[in-house]
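Scroll down for the structure; my scribbles are underneath it.
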Amino acid sequence: MQRTSTRIWKWRFALIACMLVFSSFFVVGSAQTTSVLAAANPTPQTPKAQGVSVKKFGAVGDGVKDDTEALVNASKLTGSIYFPTGTYVLKSSLSFGENTTLVFGENARILTSTGVILRVDGSLKAGLYQIFSGTGTAVGQAKNVKHVYPEWFGAKGDAVADDRPSIQAAVNFAGQLSKGGTVIFSEGRYYILGTMTAPKKNFVWLNGNVSLSGKGIVKVANQIGTYKSIFEYTAPVSNISVTSLTIDSNSANNPRTGTPDYATDARIEVQMTTGKTVKIDSITIKNSLANH
């Protein structure tokens, strides 16, 4: 069945606790449910200065000077390690242990070079701004982190910038957390998907332990062409939720011109294959041409 460009499709699911075999979900709940979910996912606030500042070890944070040595020395601490506003250049791989808490002041970030792996196994505190930048990779179990924000990886949510790479980085980070994490799309923000993992494929790949939530809007860019799915889980899902999110497939600016082909142009919003214990609630799908 082909869905027209302006309808909003509404179903309601509570908790699916048995083995699942399915292709996609589309759910909208009540306003009361949505408000409860929003309260559970508050916007992160800029933390106050606390612990030991990396500047005590000689870090400059101007985005130019190599701060690697200072950060290596700071990583030997336990407790809170504070990054004041600035950009801290890291040119070799580094791990912060499980007994550390990285505290990022307003617009403080670590800039990693190509091939550099920044591992965060302790806690972290940050507001809604970028804290990981550069061409390296942020990984780790971040033991006390439950919510991960695309903004931490550079997403703008301004309805203009392509936020897909930042969303994928956030999803990848959340998938490494010891119990999985929830990627939060913040209210009042419009996240544009302007590129794909590969032509005619998908926008975002997810492990089976990553949840999605938040009252933000995820929208496919204009004239993106054909695609298989927006969010696709590539492994069996387990103990996850997809809640309170709006996905706009933008079909008016991405018309279908041929016979629908599931392999290359299914246009599924959220795709799963098998799994168990999945909660789907308060999801809005707009302007869809998906075949289900």
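Every chain in the structure tokens takes a letter, A first, then B, and so on in the order presented; its residues are numbered from 1, and the ligands are numbered from 1 following the presented order.
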
Name all residues at most 6 Å from Ser244 of chain A (count only C-alpha atoms; drop same-chain ones fewer than 4 positions away) and give them as a ChimeraX atom specification.
-> /A:34,213-215,282-283

Using DSSP on the backbone coordinates, identify all residues within segment 81-123 of chain A classified as strand (DSSP E or B); present the result as number ranges by chain.
-> A: 81-83, 86-90, 94-96, 100-104, 108-112, 117-120, 123

Non-local contacts of Phe153 of chain A (6 Å; only C-alpha atoms; under 6 positions in same chain excluded) as a PyMOL selection string = chain A and resi 130+132+166

Store the residues picked out above in a file with all heavy atoms, as a compact mmCIF listing (two decimals), in the first residue's frame.
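Just written: again34.txt:
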# COMPACT_ATOMS: atom_id res chain seq x y z
N GLN A 130 28.42 20.64 21.23
CA GLN A 130 29.40 19.65 20.78
C GLN A 130 30.53 19.50 21.79
O GLN A 130 31.11 20.48 22.25
CB GLN A 130 29.98 20.05 19.42
CG GLN A 130 30.88 18.98 18.81
CD GLN A 130 31.24 19.27 17.37
OE1 GLN A 130 31.03 20.39 16.87
NE2 GLN A 130 31.77 18.28 16.68
N PHE A 132 32.60 16.35 21.28
CA PHE A 132 33.51 15.50 20.52
C PHE A 132 33.57 16.03 19.10
O PHE A 132 32.55 16.13 18.43
CB PHE A 132 33.04 14.04 20.51
CG PHE A 132 32.88 13.43 21.88
CD1 PHE A 132 31.65 12.95 22.30
CD2 PHE A 132 33.96 13.34 22.74
CE1 PHE A 132 31.50 12.37 23.55
CE2 PHE A 132 33.82 12.77 24.01
CZ PHE A 132 32.59 12.28 24.41
N SER A 166 26.33 13.16 12.55
CA SER A 166 26.34 13.34 14.00
C SER A 166 25.37 12.38 14.69
O SER A 166 25.67 11.85 15.77
CB SER A 166 25.96 14.79 14.35
OG SER A 166 26.87 15.70 13.77

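Residues surrounding Asn209 of chain A within 10 Å are Val171, Ala174, Gly175, Gln176, Leu177, Ser178, Lys179, Gly180, Gly181, Thr182, Tyr233, Ala235, Pro236, Val237, Ser238, Asn239, Ile240 and Ser241 of chain A [only C-alpha atoms; sequence separation below 6 positions excluded].
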
Do a neighbour search on Ile192 of chain A at 12 Å with only C-alpha atoms, toss out local chain neighbours closer than 6 positions, and write the hits as a short mmCIF file (atom, residue, chain, number, x, y, z; two decimals) with all heavy atoms, in the first residue's frame.
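Written out: part_8.cif:
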data_model
loop_
_atom_site.label_atom_id
_atom_site.label_comp_id
_atom_site.auth_asym_id
_atom_site.auth_seq_id
_atom_site.Cartn_x
_atom_site.Cartn_y
_atom_site.Cartn_z
N PRO A 150 22.81 13.85 19.87
CA PRO A 150 23.52 14.12 18.62
C PRO A 150 24.33 15.41 18.67
O PRO A 150 25.36 15.53 18.00
CB PRO A 150 22.39 14.19 17.59
CG PRO A 150 21.30 13.34 18.16
CD PRO A 150 21.37 13.58 19.64
N ALA A 155 25.72 17.82 15.87
CA ALA A 155 24.42 18.09 15.25
C ALA A 155 23.96 19.51 15.58
O ALA A 155 24.16 20.00 16.69
CB ALA A 155 23.38 17.08 15.72
N LYS A 156 23.33 20.16 14.62
CA LYS A 156 22.84 21.52 14.80
C LYS A 156 21.34 21.56 15.12
O LYS A 156 20.88 22.43 15.86
CB LYS A 156 23.09 22.35 13.53
CG LYS A 156 24.55 22.40 13.10
CD LYS A 156 25.43 23.07 14.14
CE LYS A 156 26.86 23.21 13.63
NZ LYS A 156 27.75 23.78 14.67
N GLY A 157 20.57 20.68 14.50
CA GLY A 157 19.14 20.69 14.72
C GLY A 157 18.48 21.98 14.26
O GLY A 157 17.45 22.39 14.81
N ASP A 158 19.05 22.58 13.22
CA ASP A 158 18.58 23.90 12.78
C ASP A 158 17.76 23.86 11.49
O ASP A 158 17.50 24.90 10.89
CB ASP A 158 19.77 24.84 12.59
CG ASP A 158 20.78 24.35 11.55
OD1 ASP A 158 20.55 23.28 10.93
OD2 ASP A 158 21.81 25.03 11.35
N ALA A 159 17.40 22.66 11.04
CA ALA A 159 16.62 22.46 9.82
C ALA A 159 17.39 22.82 8.56
O ALA A 159 16.81 22.92 7.48
CB ALA A 159 15.30 23.26 9.86
N VAL A 160 18.70 23.02 8.68
CA VAL A 160 19.53 23.37 7.53
C VAL A 160 20.70 22.38 7.37
O VAL A 160 20.87 21.76 6.32
CB VAL A 160 20.08 24.80 7.66
CG1 VAL A 160 21.00 25.12 6.49
CG2 VAL A 160 18.95 25.81 7.73
N ALA A 161 21.50 22.24 8.41
CA ALA A 161 22.69 21.40 8.34
C ALA A 161 22.33 19.93 8.22
O ALA A 161 21.29 19.48 8.72
CB ALA A 161 23.55 21.63 9.58
N ASP A 162 23.20 19.17 7.56
CA ASP A 162 23.04 17.72 7.49
C ASP A 162 23.51 17.12 8.82
O ASP A 162 24.70 17.08 9.11
CB ASP A 162 23.87 17.15 6.34
CG ASP A 162 23.82 15.63 6.26
OD1 ASP A 162 22.90 15.04 6.88
OD2 ASP A 162 24.68 15.04 5.60
N ASP A 163 22.57 16.64 9.62
CA ASP A 163 22.89 16.10 10.94
C ASP A 163 23.09 14.59 10.93
O ASP A 163 23.36 14.00 11.98
CB ASP A 163 21.78 16.45 11.94
CG ASP A 163 21.79 17.92 12.32
OD1 ASP A 163 22.88 18.51 12.41
OD2 ASP A 163 20.70 18.48 12.52
N ARG A 164 22.96 13.95 9.78
CA ARG A 164 23.06 12.50 9.76
C ARG A 164 24.38 11.97 10.32
O ARG A 164 24.37 11.04 11.16
CB ARG A 164 22.85 11.94 8.35
CG ARG A 164 22.71 10.41 8.34
CD ARG A 164 23.11 9.80 7.02
NE ARG A 164 24.53 9.94 6.76
CZ ARG A 164 25.46 9.14 7.27
NH1 ARG A 164 25.13 8.16 8.10
NH2 ARG A 164 26.72 9.33 7.00
N PRO A 165 25.56 12.49 9.91
CA PRO A 165 26.80 11.95 10.49
C PRO A 165 26.86 12.06 12.01
O PRO A 165 27.37 11.16 12.69
CB PRO A 165 27.88 12.80 9.81
CG PRO A 165 27.27 13.26 8.54
CD PRO A 165 25.84 13.51 8.88
N SER A 166 26.33 13.16 12.55
CA SER A 166 26.34 13.34 14.00
C SER A 166 25.37 12.38 14.69
O SER A 166 25.67 11.85 15.77
CB SER A 166 25.96 14.79 14.35
OG SER A 166 26.87 15.70 13.77
N ILE A 167 24.23 12.15 14.07
CA ILE A 167 23.27 11.19 14.62
C ILE A 167 23.88 9.79 14.61
O ILE A 167 23.78 9.04 15.59
CB ILE A 167 21.96 11.22 13.83
CG1 ILE A 167 21.26 12.56 14.02
CG2 ILE A 167 21.04 10.07 14.26
CD1 ILE A 167 20.06 12.78 13.11
N PHE A 185 16.51 13.20 20.80
CA PHE A 185 16.32 14.28 19.84
C PHE A 185 15.52 15.37 20.54
O PHE A 185 14.34 15.19 20.86
CB PHE A 185 15.59 13.75 18.60
CG PHE A 185 16.37 12.70 17.86
CD1 PHE A 185 16.25 11.37 18.21
CD2 PHE A 185 17.25 13.05 16.85
CE1 PHE A 185 16.98 10.39 17.54
CE2 PHE A 185 17.99 12.09 16.18
CZ PHE A 185 17.85 10.75 16.53
N PHE A 203 19.78 5.69 6.13
CA PHE A 203 20.32 6.89 6.73
C PHE A 203 21.11 6.58 8.00
O PHE A 203 22.22 7.07 8.18
CB PHE A 203 19.20 7.89 7.04
CG PHE A 203 18.58 8.48 5.81
CD1 PHE A 203 17.40 7.98 5.30
CD2 PHE A 203 19.18 9.55 5.16
CE1 PHE A 203 16.83 8.52 4.16
CE2 PHE A 203 18.63 10.10 4.02
CZ PHE A 203 17.44 9.59 3.51
N GLY A 216 12.01 16.05 19.38
CA GLY A 216 12.53 16.70 18.18
C GLY A 216 11.97 16.05 16.93
O GLY A 216 11.30 15.01 16.97
N ILE A 217 12.25 16.65 15.79
CA ILE A 217 11.78 16.16 14.49
C ILE A 217 12.98 15.75 13.64
O ILE A 217 13.93 16.52 13.48
CB ILE A 217 10.96 17.23 13.75
CG1 ILE A 217 9.72 17.60 14.58
CG2 ILE A 217 10.55 16.77 12.35
CD1 ILE A 217 8.92 18.76 14.02
N VAL A 218 12.92 14.55 13.10
CA VAL A 218 13.94 14.06 12.17
C VAL A 218 13.32 14.08 10.78
O VAL A 218 12.27 13.47 10.54
CB VAL A 218 14.39 12.64 12.54
CG1 VAL A 218 15.41 12.13 11.52
CG2 VAL A 218 14.98 12.61 13.95
N LYS A 219 13.96 14.80 9.86
CA LYS A 219 13.36 15.01 8.54
C LYS A 219 14.33 14.65 7.42
O LYS A 219 15.50 15.04 7.45
CB LYS A 219 12.93 16.47 8.38
CG LYS A 219 12.24 16.78 7.04
CD LYS A 219 11.80 18.23 6.97
CE LYS A 219 11.11 18.54 5.65
NZ LYS A 219 10.69 19.96 5.58
N VAL A 220 13.82 13.93 6.42
CA VAL A 220 14.60 13.62 5.23
C VAL A 220 14.75 14.89 4.39
O VAL A 220 13.78 15.64 4.21
CB VAL A 220 13.91 12.52 4.41
CG1 VAL A 220 14.64 12.27 3.09
CG2 VAL A 220 13.83 11.23 5.22
N ALA A 221 15.94 15.14 3.90
CA ALA A 221 16.20 16.35 3.11
C ALA A 221 15.46 16.30 1.77
O ALA A 221 15.03 15.24 1.30
CB ALA A 221 17.71 16.48 2.86
N ASN A 222 15.33 17.45 1.15
CA ASN A 222 14.72 17.53 -0.17
C ASN A 222 15.57 16.82 -1.21
O ASN A 222 16.81 16.84 -1.15
CB ASN A 222 14.55 19.00 -0.60
CG ASN A 222 13.58 19.75 0.28
OD1 ASN A 222 12.81 19.18 1.04
ND2 ASN A 222 13.63 21.08 0.18
N ILE A 224 16.41 13.82 -1.94
CA ILE A 224 17.40 12.87 -1.47
C ILE A 224 17.48 11.64 -2.37
O ILE A 224 18.47 10.91 -2.37
CB ILE A 224 17.11 12.46 -0.01
CG1 ILE A 224 18.35 11.85 0.65
CG2 ILE A 224 15.94 11.49 0.07
CD1 ILE A 224 19.48 12.80 0.86
N ILE A 230 15.03 4.74 7.03
CA ILE A 230 15.61 5.86 7.75
C ILE A 230 16.41 5.35 8.95
O ILE A 230 17.61 5.54 9.03
CB ILE A 230 14.51 6.85 8.18
CG1 ILE A 230 13.87 7.49 6.93
CG2 ILE A 230 15.10 7.94 9.09
CD1 ILE A 230 12.72 8.43 7.23
N ILE A 247 9.07 11.64 12.84
CA ILE A 247 9.88 11.41 11.65
C ILE A 247 9.09 11.93 10.45
O ILE A 247 7.97 11.49 10.20
CB ILE A 247 10.21 9.92 11.46
CG1 ILE A 247 10.95 9.38 12.69
CG2 ILE A 247 11.04 9.70 10.19
CD1 ILE A 247 11.20 7.88 12.66
N ASP A 248 9.69 12.85 9.73
CA ASP A 248 9.06 13.45 8.55
C ASP A 248 9.79 12.94 7.31
O ASP A 248 10.93 13.33 7.05
CB ASP A 248 9.15 14.98 8.64
CG ASP A 248 8.41 15.68 7.50
OD1 ASP A 248 8.03 15.01 6.52
OD2 ASP A 248 8.22 16.91 7.59
N SER A 249 9.12 12.10 6.54
CA SER A 249 9.75 11.52 5.35
C SER A 249 9.76 12.46 4.15
O SER A 249 10.38 12.16 3.13
CB SER A 249 9.03 10.21 4.97
OG SER A 249 9.19 9.27 6.00
N ASN A 250 9.06 13.58 4.28
CA ASN A 250 9.17 14.67 3.29
C ASN A 250 8.88 14.18 1.87
O ASN A 250 9.60 14.49 0.93
CB ASN A 250 10.57 15.30 3.38
CG ASN A 250 10.69 16.61 2.63
OD1 ASN A 250 9.68 17.24 2.29
ND2 ASN A 250 11.92 17.01 2.35
#

Which neighbours of Asp265 of chain A fall inside 6 Å, counting only C-alpha atoms, when residues of the same chain fewer than 5 positions from it are skipped, and could you give them as an NGL selection string?
-> :A and (226-228)

Smallest atom-to-atom distance to Glu232 of chain A: which of A:Met272, A:Ala263, A:Leu124, A:Val210, using only C-alpha atoms?
->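 Among the listed residues, A:Met272 lies closest to Glu232 of chain A.
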
If you run DSSP on this backbone, which residues of segment 55-196 of chain A come out as alpha helix (DSSP H), and could you give them as a list in words?
-> Thr68, Glu69, Ala70, Leu71, Val72, Asn73, Ala74, Arg164, Pro165, Ser166, Ile167, Gln168, Ala169, Ala170, Val171, Asn172, Phe173, Ala174, Gly175 and Gln176 of chain A

For the residues selected in the previous step, produce a file with C-alpha atoms as a compact mmCIF listing (two decimals), in the first residue's frame.
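File again.txt, as written:
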# COMPACT_ATOMS: atom_id res chain seq x y z
CA THR A 68 47.80 15.65 24.11
CA GLU A 69 50.40 15.59 26.89
CA ALA A 70 48.19 17.62 29.22
CA LEU A 71 45.20 15.37 28.59
CA VAL A 72 47.28 12.21 29.11
CA ASN A 73 48.38 13.54 32.49
CA ALA A 74 44.82 14.52 33.40
CA ARG A 164 23.06 12.50 9.76
CA PRO A 165 26.80 11.95 10.49
CA SER A 166 26.34 13.34 14.00
CA ILE A 167 23.27 11.19 14.62
CA GLN A 168 25.18 8.11 13.44
CA ALA A 169 28.09 8.96 15.75
CA ALA A 170 25.68 9.35 18.68
CA VAL A 171 24.02 6.03 17.85
CA ASN A 172 27.41 4.32 17.62
CA PHE A 173 28.43 5.70 21.02
CA ALA A 174 25.12 4.70 22.62
CA GLY A 175 25.50 1.19 21.25
CA GLN A 176 28.73 0.69 23.18

Expressed in Å to a single decimal, how great is the separation between atom CA of Ile268 of chain A and atom CA of Leu206 of chain A?
->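 Atom-to-atom, atom CA of Ile268 of chain A and atom CA of Leu206 of chain A are spaced 14.4 Å apart.
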
Tell me which protein, DNA and RNA residues are within 7 Å of Thr85 of chain A, counting only C-alpha atoms, leaving out same-chain ones fewer than 4 positions away, and put them as a PyMOL selection string.
-> chain A and resi 105-108

Any chance you could export the current selection's N, CA and C atoms as an mmCIF file, in the first residue's frame?
data_model
loop_
_atom_site.group_PDB
_atom_site.id
_atom_site.type_symbol
_atom_site.label_atom_id
_atom_site.label_comp_id
_atom_site.auth_asym_id
_atom_site.auth_seq_id
_atom_site.Cartn_x
_atom_site.Cartn_y
_atom_site.Cartn_z
ATOM 1 N N GLY A 105 32.608 22.215 30.213
ATOM 2 C CA GLY A 105 32.003 23.524 30.334
ATOM 3 C C GLY A 105 31.353 23.933 29.025
ATOM 4 N N GLU A 106 30.699 25.071 29.012
ATOM 5 C CA GLU A 106 29.983 25.521 27.827
ATOM 6 C C GLU A 106 30.900 25.588 26.610
ATOM 7 N N ASN A 107 30.507 24.854 25.553
ATOM 8 C CA ASN A 107 31.237 24.818 24.284
ATOM 9 C C ASN A 107 32.683 24.329 24.436
ATOM 10 N N ALA A 108 32.927 23.524 25.437
ATOM 11 C CA ALA A 108 34.228 22.851 25.548
ATOM 12 C C ALA A 108 34.168 21.560 24.750
#
